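Peer 1: Here you go, this is upload_22.cif (mmCIF, C-alpha atoms).
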```cif
data_final
loop_
_atom_site.label_atom_id
_atom_site.label_comp_id
_atom_site.auth_asym_id
_atom_site.auth_seq_id
_atom_site.Cartn_x
_atom_site.Cartn_y
_atom_site.Cartn_z
CA LYS T 1 -54.29 -11.19 -8.33
CA ARG T 2 -54.01 -7.60 -7.19
CA GLU T 3 -50.30 -8.07 -6.43
CA GLY T 4 -49.85 -9.58 -9.89
CA ARG T 5 -51.46 -6.55 -11.54
CA GLU T 6 -49.30 -4.17 -9.50
CA THR T 7 -46.18 -6.08 -10.47
CA ARG T 8 -47.07 -5.96 -14.18
CA ARG T 9 -47.82 -2.22 -13.94
CA PHE T 10 -44.46 -1.59 -12.25
CA ILE T 11 -42.58 -3.58 -14.93
CA ALA T 12 -44.34 -1.65 -17.70
CA TRP T 13 -43.61 1.68 -15.95
CA SER T 14 -39.96 0.73 -15.54
CA GLN T 15 -39.63 -0.30 -19.18
CA ARG T 16 -40.95 3.12 -20.21
CA GLY T 17 -38.09 4.75 -18.26
CA GLY T 18 -40.18 5.91 -15.30
CA HIS T 19 -37.57 4.76 -12.78
CA ARG T 20 -34.90 6.94 -14.42
CA ARG T 21 -37.12 10.02 -14.37
CA THR T 22 -37.97 9.42 -10.71
CA HIS T 23 -34.29 8.93 -9.85
CA ARG T 24 -33.32 12.21 -11.50
CA ARG T 25 -36.08 14.04 -9.62
CA LEU T 26 -35.29 12.57 -6.21
CA PHE T 27 -31.50 12.34 -6.53
CA PRO T 28 -29.87 15.31 -8.32
CA PRO T 29 -26.21 15.04 -9.43
CA LEU T 30 -24.05 14.30 -6.40
CA LEU T 31 -20.54 13.39 -5.38
CA VAL T 32 -20.64 10.47 -2.97
CA LEU T 33 -17.46 8.87 -1.56
CA GLY T 34 -15.62 8.80 -4.83
CA ALA T 35 -18.63 7.60 -6.86
CA ARG T 36 -20.02 10.42 -8.99
CA PHE T 37 -23.47 10.57 -10.54
CA PRO T 38 -23.43 11.94 -14.11
CA GLN T 39 -23.53 15.72 -14.37
CA THR T 40 -26.38 16.52 -16.76
CA GLU T 41 -26.96 20.23 -16.15
CA ALA T 42 -23.80 22.10 -15.12
CA GLU T 43 -20.64 21.99 -17.21
CA PRO T 44 -17.76 20.36 -15.28
CA MET T 45 -14.78 22.54 -14.44
CA THR T 46 -11.62 21.90 -16.44
CA TYR T 47 -8.43 21.60 -14.37
CA ASN T 48 -4.90 22.21 -15.62
CA SER T 49 -2.91 20.43 -12.91
CA THR T 50 -2.33 16.69 -13.00
CA LEU T 51 -3.44 16.38 -9.38
CA LEU T 52 -6.90 17.88 -9.79
CA ARG T 53 -7.47 16.14 -13.10
CA LEU T 54 -6.70 12.80 -11.42
CA LEU T 55 -8.99 13.52 -8.48
CA ASP T 56 -11.76 14.82 -10.71
CA GLU T 57 -11.63 11.83 -13.07
CA ARG T 58 -12.01 9.47 -10.11
CA GLY T 59 -14.85 11.43 -8.52
CA TYR T 60 -12.99 12.54 -5.39
CA ILE T 61 -13.87 16.22 -5.70
CA HIS T 62 -16.92 17.55 -3.89
CA GLN T 63 -16.09 21.19 -3.18
CA PHE T 64 -13.14 23.57 -2.82
CA THR T 65 -12.39 26.72 -0.90
CA ASP T 66 -10.37 28.04 -3.86
CA ALA T 67 -10.36 25.63 -6.80
CA GLU T 68 -8.52 27.96 -9.18
CA GLY T 69 -5.87 28.84 -6.61
CA LEU T 70 -5.22 25.20 -5.70
CA ASP T 71 -5.15 24.20 -9.36
CA ALA T 72 -2.56 26.89 -10.11
CA MET T 73 -0.45 25.99 -7.06
CA ALA T 74 -0.53 22.26 -7.85
CA GLY T 75 0.73 23.04 -11.33
CA LYS T 76 3.86 24.85 -10.22
CA GLN T 77 4.96 23.42 -6.84
CA VAL T 78 4.72 20.44 -4.52
CA VAL T 79 1.52 20.64 -2.49
CA PRO T 80 1.36 18.78 0.84
CA GLY T 81 -1.90 17.15 1.87
CA TYR T 82 -2.78 15.39 5.10
CA ILE T 83 -5.46 13.08 6.46
CA GLY T 84 -5.75 11.96 10.08
CA PHE T 85 -6.29 8.44 11.42
CA ASP T 86 -6.81 7.35 15.04
CA PRO T 87 -4.79 4.28 16.11
CA THR T 88 -7.57 2.78 18.24
CA ALA T 89 -7.00 -0.65 16.64
CA PRO T 90 -4.04 -2.48 15.09
CA SER T 91 -5.45 -2.04 11.59
CA LEU T 92 -7.78 0.15 9.57
CA HIS T 93 -11.03 -0.92 7.91
CA VAL T 94 -12.46 -0.66 4.40
CA GLY T 95 -14.03 2.71 5.22
CA HIS T 96 -10.53 4.24 5.21
CA LEU T 97 -9.75 3.08 1.67
CA VAL T 98 -11.09 6.18 -0.10
CA SER T 99 -8.95 8.56 1.97
CA ILE T 100 -5.88 6.31 1.62
CA MET T 101 -6.32 6.21 -2.15
CA MET T 102 -6.68 9.98 -2.21
CA LEU T 103 -3.25 10.27 -0.59
CA ARG T 104 -1.95 7.79 -3.15
CA GLN T 105 -3.27 9.90 -6.03
CA LEU T 106 -1.68 12.96 -4.40
CA GLN T 107 1.71 11.23 -4.46
CA ARG T 108 1.23 9.88 -7.98
CA ALA T 109 0.78 13.47 -9.16
CA GLY T 110 4.12 14.46 -7.59
CA HIS T 111 2.88 15.91 -4.31
CA LYS T 112 3.54 15.11 -0.66
CA PRO T 113 1.17 12.97 1.44
CA ILE T 114 1.20 13.44 5.22
CA VAL T 115 -0.36 10.71 7.33
CA VAL T 116 -1.34 12.14 10.73
CA MET T 117 -1.70 9.46 13.38
CA GLY T 118 -3.86 10.37 16.36
CA GLY T 119 -1.52 9.10 19.04
CA GLY T 120 -2.72 11.93 21.26
CA THR T 121 -6.44 11.83 20.57
CA GLY T 122 -6.27 8.02 20.53
CA LYS T 123 -5.47 8.01 24.23
CA ILE T 124 -9.10 8.81 24.89
CA GLY T 125 -10.08 5.51 23.30
CA ASP T 126 -12.98 4.53 21.09
CA PRO T 127 -16.50 3.74 22.35
CA SER T 128 -17.98 0.40 21.32
CA PHE T 129 -21.49 1.23 22.52
CA LYS T 130 -23.23 4.50 23.41
CA ASP T 131 -23.79 3.43 27.02
CA GLU T 132 -20.21 2.31 27.52
CA ALA T 133 -17.31 4.47 28.66
CA ARG T 134 -14.42 4.96 26.28
CA LYS T 135 -11.65 2.46 26.67
CA LEU T 136 -8.43 4.14 27.79
CA LEU T 137 -5.50 3.05 25.65
CA THR T 138 -1.99 2.85 27.06
CA GLU T 139 0.92 4.54 25.30
CA ASP T 140 2.50 1.15 24.56
CA LEU T 141 -0.69 -0.13 22.91
CA ILE T 142 -1.02 3.05 20.85
CA LYS T 143 2.58 2.71 19.65
CA GLU T 144 1.93 -0.91 18.65
CA ASN T 145 -1.18 0.16 16.73
CA VAL T 146 0.69 2.98 14.96
CA ALA T 147 3.48 0.61 13.91
CA SER T 148 0.94 -1.92 12.63
CA ILE T 149 -1.05 0.70 10.71
CA ARG T 150 2.13 2.08 9.13
CA ARG T 151 2.66 -1.29 7.46
CA VAL T 152 -0.74 -0.84 5.79
CA PHE T 153 0.24 2.57 4.42
CA GLU T 154 3.56 1.25 3.14
CA ARG T 155 1.60 -0.84 0.64
CA PHE T 156 0.10 2.29 -0.90
CA LEU T 157 2.60 5.10 -0.29
CA THR T 158 6.34 5.60 -0.68
CA PHE T 159 7.91 6.94 2.53
CA GLY T 160 11.23 8.76 2.61
CA ASP T 161 12.99 12.11 2.67
CA GLY T 162 12.29 13.20 -0.91
CA PRO T 163 10.09 16.19 -1.80
CA SER T 164 7.12 13.98 -2.71
CA ASP T 165 7.84 11.13 -0.28
CA ALA T 166 5.16 10.46 2.30
CA ILE T 167 5.75 11.12 5.98
CA MET T 168 3.89 9.95 9.07
CA VAL T 169 3.51 12.23 12.08
CA ASP T 170 1.84 11.72 15.44
CA ASN T 171 -0.33 14.43 17.00
CA ALA T 172 0.84 13.25 20.42
CA GLU T 173 4.07 15.12 19.68
CA TRP T 174 2.32 18.44 20.21
CA LEU T 175 -0.85 17.53 22.12
CA ASP T 176 1.06 15.85 24.95
CA LYS T 177 2.94 19.08 25.62
CA LEU T 178 -0.34 20.93 26.08
CA GLU T 179 -1.67 18.27 28.48
CA TYR T 180 -4.94 18.62 26.58
CA ILE T 181 -5.66 14.90 26.38
CA PRO T 182 -5.34 14.23 30.14
CA PHE T 183 -7.74 17.13 30.71
CA LEU T 184 -10.31 15.67 28.30
CA ARG T 185 -9.84 12.14 29.60
CA ASP T 186 -9.73 12.80 33.34
CA ILE T 187 -11.84 15.94 33.75
CA GLY T 188 -14.09 15.85 30.70
CA GLN T 189 -15.62 12.50 31.63
CA HIS T 190 -17.46 14.18 34.53
CA PHE T 191 -19.36 16.55 32.21
CA SER T 192 -22.35 15.34 30.24
CA ILE T 193 -22.66 16.65 26.68
CA ASN T 194 -26.45 16.74 27.01
CA ARG T 195 -26.11 18.80 30.20
CA MET T 196 -23.72 21.25 28.52
CA LEU T 197 -26.04 21.65 25.53
CA SER T 198 -28.85 22.67 27.88
CA PHE T 199 -27.01 25.87 28.92
CA ASP T 200 -27.98 29.12 27.23
CA SER T 201 -24.32 30.01 26.77
CA VAL T 202 -23.88 26.95 24.54
CA LYS T 203 -27.15 27.34 22.67
#
```
Show me this structure written as C-alpha cells.

Peer 2:
Amino acid sequence: KREGRETRRFIAWSQRGGHRRTHRRLFPPLLVLGARFPQTEAEPMTYNSTLLRLLDERGYIHQFTDAEGLDAMAGKQVVPGYIGFDPTAPSLHVGHLVSIMMLRQLQRAGHKPIVVMGGGTGKIGDPSFKDEARKLLTEDLIKENVASIRRVFERFLTFGDGPSDAIMVDNAEWLDKLEYIPFLRDIGQHFSINRMLSFDSVK
C-alpha cells in the first residue's frame, strides 16, 4: 500500500511538471556528443560561415579558442581540419561516428578533412583489460587495418587532390623517424605509471 501511495504521488508530481523543474536544476544547458539541450538563458552566437552554421545547427560545437576568428577564416578560405584514429582493429565502432560526421560536415561546407591514422602510435597496441599487457601489432597488421578503415571513410568522404578533397595520412611517417614508438614500447613498459606519479618531480 505504501508503494502504491508513493507511485501515485510521483505520477501527480510528474504531471505538475516537477520532473522538468528538477531536470533544469540538476542538468543546466549542455553540449553532449552532438546532442544539445535547449539553451534557455544565454543567447546563441550567430555564425556567418556555412561551416560553423552547419556544426552549430547539429549541436557539434562545445567551445572555441577563437570563434570569431575561425568563423571569419571559414568564410573566406578553405580550412583544413583533422581527427586521429588508431588502427588497432580492422574497423571502427559506433563511437567514432560523431567525429566522422564532423569531418563530413567540414567537407560539405567546402573545407578539407584530414584523417590521421595512428600507424605509429598503433604499434603500441590496445589493452583489452587493465591487468593485461598491450598487444604489440606488426607493421603488416597495421597496414591491413589502415586499408580496411579507409574503406569505411570512403563511404562518407571524397578523397582526391582537390582543395576540399579529403586526405589520409599516417603518423608513422614522422614518428618512425624519431624512434619514439620503440622507446615507449620497449623501454616504457618497465616503468609503472603509479610509481612515476609518486615522485615529487611529477606531482

Peer 1: Please report the interatomic distance between CA of Arg151 in chain T and CA of Ala109 in chain T in Å with one decimal.

Peer 2: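 A separation of 22.3 Å between them.
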
Peer 1: Give as a PyMOL selection string the residues that the PyMOL selection byres ((chain T and resi 179-196) around 8) matches when applied to the coordinates above.

Peer 2: chain T and resi 120-121+123-124+175-178+197-199+202

Peer 1: With all atoms listed in the file as the atoms that count, which of T:Phe64, T:Trp174, T:Phe156, T:Tyr47 lies nearest to Met101 in chain T?

Peer 2: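 Under the stated criterion, the closest residue is T:Phe156.
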
Peer 1: Calculate how many Å separate CA of Phe85 in chain T from CA of Asp71 in chain T, rounding to one decimal.

Peer 2: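 About the pair CA of Phe85 in chain T and CA of Asp71 in chain T: they are 26.1 Å apart.
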
Peer 1: One decimal, Å: what's the distance from CA of Met45 in chain T over to CA of Gln63 in chain T, could you say?

Peer 2: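 Interatomic distance, CA of Met45 in chain T to CA of Gln63 in chain T: 11.4 Å.
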
Peer 1: Quick one: of T:Ser164, T:Gln107, T:Ser201, T:Thr88, who's nearest to Lys143 in chain T, counting all atoms listed in the file?

Peer 2: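 Smallest distance to Lys143 in chain T is found for T:Thr88.
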
Peer 1: Between T:Ile167, T:Leu136, T:Ala147, T:Ala89, which is the closest to Leu103 in chain T once you count all atoms listed in the file?

Peer 2: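 Of all the options, T:Ile167 lies closest to Leu103 in chain T.
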
Peer 1: Could you tell me which residues the PyMOL selection byres ((chain T and resi 158) around 12) grabs in this file, written as an MDAnalysis selection string?

Peer 2: chainID T and resid 103:108 110:115 150:157 159:168

Peer 1: I need the chosen residues saved as a compact mmCIF listing (two decimals), keeping the file's coordinate frame, with C-alpha atoms.

Peer 2:
```txt
# COMPACT_ATOMS: atom_id res chain seq x y z
CA LEU T 103 -3.25 10.27 -0.59
CA ARG T 104 -1.95 7.79 -3.15
CA GLN T 105 -3.27 9.90 -6.03
CA LEU T 106 -1.68 12.96 -4.40
CA GLN T 107 1.71 11.23 -4.46
CA ARG T 108 1.23 9.88 -7.98
CA GLY T 110 4.12 14.46 -7.59
CA HIS T 111 2.88 15.91 -4.31
CA LYS T 112 3.54 15.11 -0.66
CA PRO T 113 1.17 12.97 1.44
CA ILE T 114 1.20 13.44 5.22
CA VAL T 115 -0.36 10.71 7.33
CA ARG T 150 2.13 2.08 9.13
CA ARG T 151 2.66 -1.29 7.46
CA VAL T 152 -0.74 -0.84 5.79
CA PHE T 153 0.24 2.57 4.42
CA GLU T 154 3.56 1.25 3.14
CA ARG T 155 1.60 -0.84 0.64
CA PHE T 156 0.10 2.29 -0.90
CA LEU T 157 2.60 5.10 -0.29
CA PHE T 159 7.91 6.94 2.53
CA GLY T 160 11.23 8.76 2.61
CA ASP T 161 12.99 12.11 2.67
CA GLY T 162 12.29 13.20 -0.91
CA PRO T 163 10.09 16.19 -1.80
CA SER T 164 7.12 13.98 -2.71
CA ASP T 165 7.84 11.13 -0.28
CA ALA T 166 5.16 10.46 2.30
CA ILE T 167 5.75 11.12 5.98
CA MET T 168 3.89 9.95 9.07
```

Peer 1: Using only C-alpha atoms, can you tell me which of T:Pro87, T:Gly75, T:Gly81, T:Gly95 comes closest to Gly119 in chain T?

Peer 2: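 Closest to Gly119 in chain T, using only C-alpha atoms: T:Pro87.
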
Peer 1: Between T:His96, T:Thr138, T:Gly118, T:Asn145, single out the one closest to Glu173 in chain T, counting only C-alpha atoms.

Peer 2: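 Of the candidates, the smallest distance to Glu173 in chain T is held by T:Gly118.
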
Peer 1: Given all atoms listed in the file as the basis, pick out the residue of T:Asp170, T:Leu51, T:Asp140, T:Ile83 nearest to Val98 in chain T.

Peer 2: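 With all atoms listed in the file as the atom set, the closest residue is T:Ile83.
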